[in-house]
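A.B. asks: Have a peek at structure_15.cif (mmCIF, C-alpha atoms).
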```cif
data_my_file
#
loop_
_atom_site.group_PDB
_atom_site.id
_atom_site.type_symbol
_atom_site.label_atom_id
_atom_site.label_comp_id
_atom_site.auth_asym_id
_atom_site.auth_seq_id
_atom_site.Cartn_x
_atom_site.Cartn_y
_atom_site.Cartn_z
ATOM 1 C CA MET A 1 0.000 0.000 0.000
ATOM 2 C CA ALA A 2 1.336 3.413 -0.973
ATOM 3 C CA GLN A 3 2.239 5.676 1.938
ATOM 4 C CA LYS A 4 -0.180 8.529 2.472
ATOM 5 C CA PRO A 5 1.420 11.944 1.745
ATOM 6 C CA SER A 6 2.104 14.055 4.834
ATOM 7 C CA ILE A 7 4.011 17.100 6.020
ATOM 8 C CA PRO A 8 6.315 17.431 9.046
ATOM 9 C CA LYS A 9 4.708 18.133 12.401
ATOM 10 C CA GLY A 10 4.694 21.807 13.220
ATOM 11 C CA THR A 11 4.140 22.906 9.616
ATOM 12 C CA ARG A 12 1.018 23.805 7.630
ATOM 13 C CA ASP A 13 -0.350 24.001 4.117
ATOM 14 C CA PHE A 14 -2.293 27.154 3.248
ATOM 15 C CA SER A 15 -5.258 27.141 0.872
ATOM 16 C CA PRO A 16 -5.767 29.887 -1.747
ATOM 17 C CA VAL A 17 -8.350 31.583 0.492
ATOM 18 C CA GLU A 18 -5.953 31.548 3.465
ATOM 19 C CA VAL A 19 -3.084 32.887 1.365
ATOM 20 C CA GLN A 20 -5.266 35.692 -0.015
ATOM 21 C CA ARG A 21 -6.355 36.664 3.487
ATOM 22 C CA ARG A 22 -2.772 36.644 4.709
ATOM 23 C CA GLN A 23 -1.660 38.726 1.736
ATOM 24 C CA TYR A 24 -4.382 41.273 2.523
ATOM 25 C CA ILE A 25 -3.147 41.541 6.109
ATOM 26 C CA MET A 26 0.490 41.809 5.022
ATOM 27 C CA ASN A 27 -0.294 44.430 2.377
ATOM 28 C CA THR A 28 -2.161 46.516 4.953
ATOM 29 C CA ILE A 29 0.793 46.315 7.321
ATOM 30 C CA LYS A 30 3.308 47.125 4.563
ATOM 31 C CA HIS A 31 1.256 50.182 3.533
ATOM 32 C CA HIS A 32 1.502 51.653 7.023
ATOM 33 C CA PHE A 33 5.153 50.692 7.448
ATOM 34 C CA GLU A 34 6.072 52.600 4.310
ATOM 35 C CA HIS A 35 3.782 55.498 5.242
ATOM 36 C CA TYR A 36 5.922 55.905 8.377
ATOM 37 C CA GLY A 37 9.163 55.690 6.379
ATOM 38 C CA PHE A 38 10.139 52.058 6.949
ATOM 39 C CA MET A 39 11.692 50.249 4.001
ATOM 40 C CA PRO A 40 11.741 46.483 3.357
ATOM 41 C CA ILE A 41 14.746 44.178 3.527
ATOM 42 C CA GLU A 42 15.076 40.405 3.300
ATOM 43 C CA THR A 43 17.713 38.125 4.803
ATOM 44 C CA PRO A 44 18.518 34.467 3.981
ATOM 45 C CA SER A 45 16.436 31.707 5.524
ATOM 46 C CA PHE A 46 19.631 30.335 7.084
ATOM 47 C CA GLU A 47 22.636 32.009 8.691
ATOM 48 C CA ASN A 48 26.056 30.924 9.854
ATOM 49 C CA SER A 49 25.592 29.076 13.147
ATOM 50 C CA ASP A 50 27.938 31.401 15.024
ATOM 51 C CA THR A 51 25.676 34.318 14.046
ATOM 52 C CA LEU A 52 22.676 32.729 15.806
ATOM 53 C CA LEU A 53 24.017 30.590 18.631
ATOM 54 C CA GLY A 54 24.491 32.265 21.998
ATOM 55 C CA LYS A 55 22.063 35.105 21.236
ATOM 56 C CA TYR A 56 18.878 33.613 22.712
ATOM 57 C CA GLY A 57 20.059 31.916 25.884
ATOM 58 C CA GLU A 58 20.416 28.187 26.469
ATOM 59 C CA GLU A 59 16.752 27.450 25.727
ATOM 60 C CA GLY A 60 16.823 29.392 22.472
ATOM 61 C CA ASP A 61 19.956 27.573 21.309
ATOM 62 C CA ARG A 62 18.173 24.241 21.786
ATOM 63 C CA LEU A 63 15.307 25.391 19.554
ATOM 64 C CA ILE A 64 17.487 26.404 16.596
ATOM 65 C CA PHE A 65 17.236 24.104 13.570
ATOM 66 C CA LYS A 66 20.791 23.200 12.564
ATOM 67 C CA ILE A 67 21.654 22.307 8.959
ATOM 68 C CA LEU A 68 24.057 19.427 8.309
ATOM 69 C CA ASN A 69 27.187 20.255 6.322
ATOM 70 C CA ASN A 70 27.331 19.094 2.708
ATOM 71 C CA GLY A 71 29.007 15.824 1.758
ATOM 72 C CA GLN A 72 30.364 13.190 4.123
ATOM 73 C CA TYR A 73 30.170 15.342 7.230
ATOM 74 C CA LEU A 74 30.779 12.509 9.706
ATOM 75 C CA LYS A 75 34.253 11.859 8.325
ATOM 76 C CA LYS A 76 35.446 15.152 9.778
ATOM 77 C CA VAL A 77 34.254 14.359 13.310
ATOM 78 C CA LYS A 78 36.946 13.272 15.749
ATOM 79 C CA ASP A 79 36.488 9.625 16.738
ATOM 80 C CA GLU A 80 36.584 10.360 20.461
ATOM 81 C CA ASP A 81 33.892 13.021 20.093
ATOM 82 C CA LEU A 82 31.686 10.726 18.006
ATOM 83 C CA HIS A 83 31.937 7.852 20.494
ATOM 84 C CA SER A 84 31.310 10.167 23.440
ATOM 85 C CA LYS A 85 27.966 11.220 21.920
ATOM 86 C CA ASN A 86 28.630 14.726 23.243
ATOM 87 C CA GLU A 87 26.399 16.944 21.113
ATOM 88 C CA HIS A 88 28.231 20.126 22.160
ATOM 89 C CA LYS A 89 31.458 18.735 20.669
ATOM 90 C CA VAL A 90 29.948 16.986 17.649
ATOM 91 C CA SER A 91 27.464 19.620 16.517
ATOM 92 C CA PRO A 92 30.016 22.337 15.525
ATOM 93 C CA GLN A 93 31.899 19.755 13.464
ATOM 94 C CA ILE A 94 28.893 18.621 11.409
ATOM 95 C CA SER A 95 26.849 21.831 11.169
ATOM 96 C CA LYS A 96 28.044 25.326 10.257
ATOM 97 C CA ARG A 97 24.658 26.795 9.307
ATOM 98 C CA ALA A 98 21.215 27.051 10.889
ATOM 99 C CA LEU A 99 17.700 28.226 10.008
ATOM 100 C CA ARG A 100 16.950 31.670 11.380
ATOM 101 C CA TYR A 101 15.225 31.604 14.781
ATOM 102 C CA ASP A 102 13.886 35.151 14.502
ATOM 103 C CA LEU A 103 14.389 38.283 12.395
ATOM 104 C CA THR A 104 16.163 40.412 14.997
ATOM 105 C CA VAL A 105 19.594 38.752 15.066
ATOM 106 C CA PRO A 106 19.803 38.469 11.251
ATOM 107 C CA PHE A 107 18.905 42.173 11.079
ATOM 108 C CA ALA A 108 21.713 43.026 13.501
ATOM 109 C CA ARG A 109 24.097 41.038 11.315
ATOM 110 C CA TYR A 110 22.756 42.848 8.234
ATOM 111 C CA VAL A 111 23.385 46.278 9.773
ATOM 112 C CA VAL A 112 26.956 45.421 10.777
ATOM 113 C CA GLN A 113 27.749 43.866 7.400
ATOM 114 C CA HIS A 114 26.234 46.715 5.353
ATOM 115 C CA GLN A 115 26.896 49.660 7.663
ATOM 116 C CA ASN A 116 28.906 51.541 5.024
ATOM 117 C CA ASP A 117 25.957 51.390 2.602
ATOM 118 C CA ILE A 118 23.219 52.369 5.059
ATOM 119 C CA ALA A 119 22.015 55.897 5.798
ATOM 120 C CA PHE A 120 21.269 56.253 9.516
ATOM 121 C CA PRO A 121 18.851 56.358 11.189
ATOM 122 C CA PHE A 122 17.845 53.246 9.287
ATOM 123 C CA LYS A 123 14.174 52.264 9.413
ATOM 124 C CA ARG A 124 13.511 48.760 8.172
ATOM 125 C CA TYR A 125 10.642 46.324 8.133
ATOM 126 C CA GLN A 126 10.798 42.614 7.439
ATOM 127 C CA ILE A 127 8.068 39.980 7.002
ATOM 128 C CA GLN A 128 9.516 36.495 6.544
ATOM 129 C CA PRO A 129 9.168 32.972 7.953
ATOM 130 C CA VAL A 130 11.272 31.765 10.897
ATOM 131 C CA TRP A 131 11.825 28.277 12.287
ATOM 132 C CA ARG A 132 11.929 26.939 15.840
ATOM 133 C CA ALA A 133 12.395 23.323 16.942
ATOM 134 C CA ASP A 134 9.663 23.723 19.539
ATOM 135 C CA ARG A 135 7.341 20.859 20.491
ATOM 136 C CA PRO A 136 4.370 21.138 18.097
ATOM 137 C CA GLN A 137 1.077 21.693 19.912
ATOM 138 C CA HIS A 138 -2.176 23.542 19.427
ATOM 139 C CA GLY A 139 -1.448 27.058 18.194
ATOM 140 C CA ARG A 140 2.342 26.586 18.159
ATOM 141 C CA PHE A 141 4.239 25.738 14.994
ATOM 142 C CA GLN A 142 7.820 25.103 13.993
ATOM 143 C CA GLU A 143 7.496 27.311 10.898
ATOM 144 C CA PHE A 144 5.681 30.633 11.075
ATOM 145 C CA TYR A 145 5.902 34.246 9.903
ATOM 146 C CA GLN A 146 7.310 37.104 11.928
ATOM 147 C CA CYS A 147 6.751 40.781 11.223
ATOM 148 C CA ASP A 148 9.342 43.259 12.506
ATOM 149 C CA ALA A 149 9.867 47.010 12.255
ATOM 150 C CA ASP A 150 12.990 48.555 13.777
ATOM 151 C CA VAL A 151 14.957 51.787 13.850
ATOM 152 C CA VAL A 152 18.740 51.786 14.307
ATOM 153 C CA GLY A 153 20.998 54.800 14.602
ATOM 154 C CA SER A 154 18.677 56.967 16.664
ATOM 155 C CA ASN A 155 18.182 57.271 20.431
ATOM 156 C CA SER A 156 15.132 59.529 20.114
ATOM 157 C CA LEU A 157 12.148 58.340 22.134
ATOM 158 C CA LEU A 158 9.948 59.927 19.473
ATOM 159 C CA GLN A 159 10.757 56.847 17.384
ATOM 160 C CA GLU A 160 9.052 54.763 20.078
ATOM 161 C CA VAL A 161 6.043 57.082 20.048
ATOM 162 C CA GLU A 162 5.880 56.701 16.278
ATOM 163 C CA LEU A 163 5.901 52.914 16.594
ATOM 164 C CA VAL A 164 2.933 53.027 18.959
ATOM 165 C CA LYS A 165 1.098 55.212 16.439
ATOM 166 C CA LEU A 166 2.060 52.787 13.685
ATOM 167 C CA TYR A 167 0.664 49.753 15.512
ATOM 168 C CA ASP A 168 -2.509 51.667 16.312
ATOM 169 C CA ALA A 169 -2.973 52.571 12.637
ATOM 170 C CA VAL A 170 -2.512 48.939 11.542
ATOM 171 C CA PHE A 171 -4.881 47.517 14.167
ATOM 172 C CA THR A 172 -7.486 50.158 13.309
ATOM 173 C CA ASP A 173 -7.285 49.482 9.567
ATOM 174 C CA LEU A 174 -7.613 45.735 10.139
ATOM 175 C CA LYS A 175 -10.550 46.372 12.502
ATOM 176 C CA LEU A 176 -8.901 44.404 15.300
ATOM 177 C CA ASP A 177 -10.979 45.671 18.186
ATOM 178 C CA GLY A 178 -9.770 45.143 21.735
ATOM 179 C CA CYS A 179 -6.030 45.041 20.964
ATOM 180 C CA THR A 180 -3.601 46.041 23.688
ATOM 181 C CA ILE A 181 -0.211 47.536 22.830
ATOM 182 C CA LYS A 182 2.370 46.372 25.373
ATOM 183 C CA ILE A 183 5.611 48.324 25.773
ATOM 184 C CA ASN A 184 8.871 46.856 27.016
ATOM 185 C CA ASN A 185 11.984 48.636 28.282
ATOM 186 C CA ARG A 186 15.286 46.846 28.724
ATOM 187 C CA LYS A 187 16.480 49.385 31.287
ATOM 188 C CA ILE A 188 13.567 48.451 33.532
ATOM 189 C CA LEU A 189 14.299 44.756 33.052
ATOM 190 C CA ALA A 190 17.941 45.405 33.915
ATOM 191 C CA GLY A 191 16.798 47.360 36.974
ATOM 192 C CA ILE A 192 14.584 44.486 38.138
ATOM 193 C CA ALA A 193 17.425 42.002 37.672
ATOM 194 C CA GLN A 194 19.677 44.368 39.624
ATOM 195 C CA MET A 195 17.101 44.667 42.415
ATOM 196 C CA ILE A 196 16.919 40.892 42.934
ATOM 197 C CA GLY A 197 20.673 40.372 42.523
ATOM 198 C CA ALA A 198 20.463 38.571 39.172
ATOM 199 C CA GLU A 199 22.429 40.999 36.983
ATOM 200 C CA ASP A 200 24.652 38.159 35.745
ATOM 201 C CA GLN A 201 21.585 36.130 34.707
ATOM 202 C CA LEU A 202 19.777 38.846 32.781
ATOM 203 C CA ILE A 203 19.066 36.680 29.710
ATOM 204 C CA ASP A 204 17.763 33.713 31.735
ATOM 205 C CA PHE A 205 15.714 36.108 33.861
ATOM 206 C CA THR A 206 14.108 37.934 30.919
ATOM 207 C CA VAL A 207 13.454 34.734 28.929
ATOM 208 C CA ALA A 208 11.533 33.308 31.895
ATOM 209 C CA LEU A 209 9.695 36.560 32.706
ATOM 210 C CA ASP A 210 8.640 36.921 29.063
ATOM 211 C CA LYS A 211 6.481 33.801 29.486
ATOM 212 C CA LEU A 212 4.378 35.327 32.278
ATOM 213 C CA ASP A 213 1.260 35.800 30.118
ATOM 214 C CA LYS A 214 1.610 32.312 28.605
ATOM 215 C CA ILE A 215 2.345 30.054 31.586
ATOM 216 C CA GLY A 216 1.542 32.141 34.665
ATOM 217 C CA ALA A 217 3.569 33.318 37.651
ATOM 218 C CA ASP A 218 4.037 29.913 39.311
ATOM 219 C CA LYS A 219 5.563 28.314 36.212
ATOM 220 C CA VAL A 220 7.774 31.360 35.638
ATOM 221 C CA LYS A 221 9.051 31.055 39.211
ATOM 222 C CA GLU A 222 9.762 27.354 38.682
ATOM 223 C CA GLU A 223 11.763 28.114 35.541
ATOM 224 C CA MET A 224 13.756 30.815 37.305
ATOM 225 C CA VAL A 225 14.640 28.374 40.102
ATOM 226 C CA LEU A 226 15.823 25.864 37.495
ATOM 227 C CA LYS A 227 18.005 28.616 36.008
ATOM 228 C CA GLY A 228 19.692 29.114 39.387
ATOM 229 C CA ILE A 229 17.874 32.254 40.533
ATOM 230 C CA SER A 230 17.330 32.009 44.292
ATOM 231 C CA GLU A 231 13.856 31.731 45.818
ATOM 232 C CA THR A 232 14.647 34.767 47.978
ATOM 233 C CA ALA A 233 15.315 36.817 44.844
ATOM 234 C CA ILE A 234 12.157 35.516 43.178
ATOM 235 C CA GLU A 235 10.023 36.526 46.156
ATOM 236 C CA LYS A 236 11.043 40.130 45.514
ATOM 237 C CA LEU A 237 9.306 39.859 42.136
ATOM 238 C CA ASN A 238 5.811 39.413 43.583
ATOM 239 C CA PRO A 239 4.866 43.087 42.946
ATOM 240 C CA VAL A 240 5.887 42.595 39.297
ATOM 241 C CA PHE A 241 3.778 39.441 38.947
ATOM 242 C CA SER A 242 0.725 41.189 40.397
ATOM 243 C CA LEU A 243 0.913 44.449 38.400
ATOM 244 C CA GLN A 244 -2.556 45.685 37.452
ATOM 245 C CA GLY A 245 -4.288 48.867 36.368
ATOM 246 C CA GLU A 246 -3.557 51.550 33.800
ATOM 247 C CA PHE A 247 -0.164 52.181 32.235
ATOM 248 C CA ALA A 248 0.590 55.160 34.486
ATOM 249 C CA SER A 249 -0.370 53.343 37.690
ATOM 250 C CA LYS A 250 1.863 50.416 36.787
ATOM 251 C CA LEU A 251 4.745 52.837 36.296
ATOM 252 C CA ASP A 252 4.104 54.260 39.772
ATOM 253 C CA VAL A 253 4.482 50.779 41.278
ATOM 254 C CA MET A 254 7.675 50.140 39.325
ATOM 255 C CA GLN A 255 9.096 53.527 40.316
ATOM 256 C CA SER A 256 8.729 52.619 43.976
ATOM 257 C CA LEU A 257 10.072 49.107 43.424
ATOM 258 C CA LEU A 258 13.163 50.356 41.556
ATOM 259 C CA SER A 259 13.837 53.398 43.727
ATOM 260 C CA ASP A 260 17.456 52.301 44.314
ATOM 261 C CA SER A 261 18.200 51.393 40.687
ATOM 262 C CA GLU A 262 19.583 54.190 38.532
ATOM 263 C CA ILE A 263 19.130 52.278 35.284
ATOM 264 C CA GLY A 264 15.618 51.206 36.317
ATOM 265 C CA GLN A 265 14.621 54.818 37.058
ATOM 266 C CA LYS A 266 15.956 55.857 33.656
ATOM 267 C CA GLY A 267 13.745 53.254 32.003
ATOM 268 C CA ILE A 268 10.713 54.512 33.907
ATOM 269 C CA GLU A 269 11.439 58.096 32.812
ATOM 270 C CA GLU A 270 11.551 56.937 29.199
ATOM 271 C CA LEU A 271 8.209 55.154 29.430
ATOM 272 C CA GLU A 272 6.636 58.153 31.165
ATOM 273 C CA PHE A 273 7.746 60.365 28.257
ATOM 274 C CA ILE A 274 6.335 57.911 25.699
ATOM 275 C CA ASN A 275 3.037 57.629 27.564
ATOM 276 C CA LYS A 276 2.696 61.421 27.813
ATOM 277 C CA GLN A 277 3.333 61.902 24.085
ATOM 278 C CA VAL A 278 0.920 59.149 23.063
ATOM 279 C CA VAL A 279 -1.822 60.572 25.301
ATOM 280 C CA GLN A 280 -1.315 64.048 23.809
ATOM 281 C CA LEU A 281 -1.317 62.788 20.208
ATOM 282 C CA GLY A 282 -4.185 60.357 20.762
ATOM 283 C CA LEU A 283 -4.859 56.939 19.278
ATOM 284 C CA LYS A 284 -7.406 55.988 16.591
ATOM 285 C CA SER A 285 -8.564 52.981 18.584
ATOM 286 C CA ALA A 286 -8.218 54.378 22.097
ATOM 287 C CA VAL A 287 -10.733 53.046 24.579
#
```
Just give me the structure of the file as structure tokens.
C.D. replies:
Amino acid sequence: MAQKPSIPKGTRDFSPVEVQRRQYIMNTIKHHFEHYGFMPIETPSFENSDTLLGKYGEEGDRLIFKILNNGQYLKKVKDEDLHSKNEHKVSPQISKRALRYDLTVPFARYVVQHQNDIAFPFKRYQIQPVWRADRPQHGRFQEFYQCDADVVGSNSLLQEVELVKLYDAVFTDLKLDGCTIKINNRKILAGIAQMIGAEDQLIDFTVALDKLDKIGADKVKEEMVLKGISETAIEKLNPVFSLQGEFASKLDVMQSLLSDSEIGQKGIEELEFINKQVVQLGLKSAV
């Protein structure tokens, strides 16, 4: 009996109707990107492994799809490494390339490589598929599209205000009622890590905290413990886990929490400026 055709787990086929709908969404987004001065770039589907590895923390590295070298790749592996079955020693010898995990690191590589040809500030957008060796489950796939817009070469917070306006314009045009724009600030994250004594574990800390909406506070705490962050330090995060209310009221809580952190206070000042400007300019879909 002939084997029934199939596709790998974590991937999808898209029908003509689905593709047309996706193209409509993408075209709407592209229109607003270019209205705000962002220009498109594309990067290869795979990068050199050393470009990607080490940029996403230990968990991210495990989820990167590695590409085997061409030809008889096992012949170049040292016998002792092969027999030891040590993946950390064998993997660099058999794989020099990997599928991109996101669009951010390839963009950083692009900027460095082409910096002499770029006029700064450089505003780029990118809509391309990425790949992650995550366990396939409902709503999570190993191949999916990401949509990024970034500005490099400018420290102006007005760029951040513009991005909020951009998102608002896209959500309004697509009639996506009830959307919430969430704003992050690395200085505040650094301040929180400083407050709990986890400055040296900033990546592990932020990777775990980023999952708060997905897995809840208890699971985030468990992951932080597994990463070596002490339970005493984690207890100090309870005000962060229980943040509620409007944007301004949340900032008030964080200001008190990070009163002894210079970098944390700087992050709060930046978000206060952004919030003030957005309120003054107004949003199309403000509630």
A.B. asks: Return as an MDAnalysis selection string the set of residues that the PyMOL selection byres ((chain A and resi 94) around 8) yields on the displayed structure.
C.D. replies: chainID A and resid 68:69 73:74 76:77 90:93 95:96
A.B. asks: Hey, can you check how far atom CA of A:Asp173 sits from atom CA of A:Asp210?
C.D. replies: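 About the pair atom CA of A:Asp173 and atom CA of A:Asp210: they are 28.1 Å apart.
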A.B. asks: Would you kindly translate the PyMOL selection byres ((chain A and resi 104) around 10) into the concrete residues it picks from this file, as a list in words?
C.D. replies: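 Selected by the PyMOL selection byres ((chain A and resi 104) around 10) in this file: Arg100, Tyr101, Asp102, Leu103, Val105, Pro106, Phe107, Ala108, Arg109, Tyr110, Gln126, Gln146, Asp148, Ala149 and Asp150 of chain A.
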A.B. asks: List as a list in words the protein and nucleic acid residues near stretch 115-121 of chain A, meaning an atom at most 12 Å away when all atoms listed in the file are counted, but skip any in the same chain fewer than 6 places from it.
C.D. replies: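 Surrounding residues, per the criterion: Gly37, Phe38, Met39, Ile41, Phe107, Ala108, Arg109, Asp150, Val151, Val152, Gly153, Ser154, Asn155, Ser156 and Gln159 of chain A.
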A.B. asks: Can you translate the PyMOL selection byres ((chain A and resi 246-249) around 10) into the concrete residues it hits in this file, as an mmCIF file with C-alpha atoms, in the coordinates of the input?
C.D. replies:
```cif
data_model
loop_
_atom_site.group_PDB
_atom_site.id
_atom_site.type_symbol
_atom_site.label_atom_id
_atom_site.label_comp_id
_atom_site.auth_asym_id
_atom_site.auth_seq_id
_atom_site.Cartn_x
_atom_site.Cartn_y
_atom_site.Cartn_z
ATOM 1 C CA LYS A 182 2.370 46.372 25.373
ATOM 2 C CA ILE A 183 5.611 48.324 25.773
ATOM 3 C CA LEU A 243 0.913 44.449 38.400
ATOM 4 C CA GLN A 244 -2.556 45.685 37.452
ATOM 5 C CA GLY A 245 -4.288 48.867 36.368
ATOM 6 C CA LYS A 250 1.863 50.416 36.787
ATOM 7 C CA LEU A 251 4.745 52.837 36.296
ATOM 8 C CA ASP A 252 4.104 54.260 39.772
ATOM 9 C CA VAL A 253 4.482 50.779 41.278
ATOM 10 C CA MET A 254 7.675 50.140 39.325
ATOM 11 C CA GLN A 255 9.096 53.527 40.316
ATOM 12 C CA LEU A 271 8.209 55.154 29.430
ATOM 13 C CA GLU A 272 6.636 58.153 31.165
ATOM 14 C CA ASN A 275 3.037 57.629 27.564
ATOM 15 C CA LYS A 276 2.696 61.421 27.813
#
```
A.B. asks: For a quick check of understanding, using only C-alpha atoms, which of A:Cys147, A:Ile229, A:Leu257, A:Ala217 has the smallest distance to A:Ile203?
C.D. replies: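 Looking at the shortest contact to A:Ile203, the residue is A:Ile229.
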A.B. asks: Report as a list of chain:residue names all protein, DNA and RNA residues lying within 10 Å of A:Arg186, evaluated on all atoms listed in the file, omitting residues in the same chain fewer than 2 positions from it.
C.D. replies: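 Contacts, with the query itself left out: A:Asn184, A:Ile188, A:Leu189, A:Ala190, A:Gly191, A:Ile192, A:Thr206, A:Ile263, A:Gly264, A:Gly267.
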A.B. asks: Choose the residue, out of A:Ser6, A:Asn27, A:Ser242, A:Ser259, that has the smallest atom-to-atom separation from A:Met195; count all atoms listed in the file.
C.D. replies: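 Looking at the shortest contact to A:Met195, the residue is A:Ser259.
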A.B. asks: Missing atoms in stretch 196-217 of chain A: fill them in up to N, CA and C atoms and send the result as an mmCIF file, in the frame of the given file.
C.D. replies:
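File part11.cif, as written:
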```cif
data_model
loop_
_atom_site.group_PDB
_atom_site.id
_atom_site.type_symbol
_atom_site.label_atom_id
_atom_site.label_comp_id
_atom_site.auth_asym_id
_atom_site.auth_seq_id
_atom_site.Cartn_x
_atom_site.Cartn_y
_atom_site.Cartn_z
ATOM 1 N N ILE A 196 16.976 42.226 42.330
ATOM 2 C CA ILE A 196 16.919 40.892 42.934
ATOM 3 C C ILE A 196 18.288 40.206 42.957
ATOM 4 N N GLY A 197 19.325 40.934 42.495
ATOM 5 C CA GLY A 197 20.673 40.372 42.523
ATOM 6 C C GLY A 197 20.949 39.368 41.432
ATOM 7 N N ALA A 198 20.277 39.519 40.278
ATOM 8 C CA ALA A 198 20.463 38.571 39.172
ATOM 9 C C ALA A 198 21.021 39.256 37.926
ATOM 10 N N GLU A 199 21.870 40.275 38.136
ATOM 11 C CA GLU A 199 22.429 40.999 36.983
ATOM 12 C C GLU A 199 23.170 40.079 36.023
ATOM 13 N N ASP A 200 23.862 39.058 36.577
ATOM 14 C CA ASP A 200 24.652 38.159 35.745
ATOM 15 C C ASP A 200 23.795 37.127 35.029
ATOM 16 N N GLN A 201 22.500 37.102 35.327
ATOM 17 C CA GLN A 201 21.585 36.130 34.707
ATOM 18 C C GLN A 201 20.464 36.847 33.971
ATOM 19 N N LEU A 202 20.798 38.006 33.397
ATOM 20 C CA LEU A 202 19.777 38.846 32.781
ATOM 21 C C LEU A 202 19.028 38.117 31.671
ATOM 22 N N ILE A 203 19.738 37.378 30.812
ATOM 23 C CA ILE A 203 19.066 36.680 29.710
ATOM 24 C C ILE A 203 18.130 35.610 30.239
ATOM 25 N N ASP A 204 18.622 34.760 31.161
ATOM 26 C CA ASP A 204 17.763 33.713 31.735
ATOM 27 C C ASP A 204 16.556 34.328 32.433
ATOM 28 N N PHE A 205 16.786 35.429 33.136
ATOM 29 C CA PHE A 205 15.714 36.108 33.861
ATOM 30 C C PHE A 205 14.648 36.633 32.905
ATOM 31 N N THR A 206 15.069 37.328 31.840
ATOM 32 C CA THR A 206 14.108 37.934 30.919
ATOM 33 C C THR A 206 13.390 36.879 30.082
ATOM 34 N N VAL A 207 14.097 35.806 29.700
ATOM 35 C CA VAL A 207 13.454 34.734 28.929
ATOM 36 C C VAL A 207 12.325 34.114 29.741
ATOM 37 N N ALA A 208 12.567 33.887 31.032
ATOM 38 C CA ALA A 208 11.533 33.308 31.895
ATOM 39 C C ALA A 208 10.394 34.293 32.119
ATOM 40 N N LEU A 209 10.717 35.549 32.424
ATOM 41 C CA LEU A 209 9.695 36.560 32.706
ATOM 42 C C LEU A 209 8.813 36.816 31.487
ATOM 43 N N ASP A 210 9.376 36.686 30.300
ATOM 44 C CA ASP A 210 8.640 36.921 29.063
ATOM 45 C C ASP A 210 7.480 35.945 28.888
ATOM 46 N N LYS A 211 7.522 34.832 29.609
ATOM 47 C CA LYS A 211 6.481 33.801 29.486
ATOM 48 C C LYS A 211 5.336 34.006 30.477
ATOM 49 N N LEU A 212 5.349 35.111 31.208
ATOM 50 C CA LEU A 212 4.378 35.327 32.278
ATOM 51 C C LEU A 212 2.935 35.210 31.782
ATOM 52 N N ASP A 213 2.623 35.842 30.646
ATOM 53 C CA ASP A 213 1.260 35.800 30.118
ATOM 54 C C ASP A 213 0.883 34.406 29.620
ATOM 55 N N LYS A 214 1.885 33.623 29.215
ATOM 56 C CA LYS A 214 1.610 32.312 28.605
ATOM 57 C C LYS A 214 1.458 31.206 29.638
ATOM 58 N N ILE A 215 2.327 31.197 30.670
ATOM 59 C CA ILE A 215 2.345 30.054 31.586
ATOM 60 C C ILE A 215 2.018 30.427 33.024
ATOM 61 N N GLY A 216 1.904 31.713 33.322
ATOM 62 C CA GLY A 216 1.542 32.141 34.665
ATOM 63 C C GLY A 216 2.734 32.288 35.594
ATOM 64 N N ALA A 217 2.487 32.974 36.720
ATOM 65 C CA ALA A 217 3.569 33.318 37.651
ATOM 66 C C ALA A 217 4.241 32.093 38.260
#
```
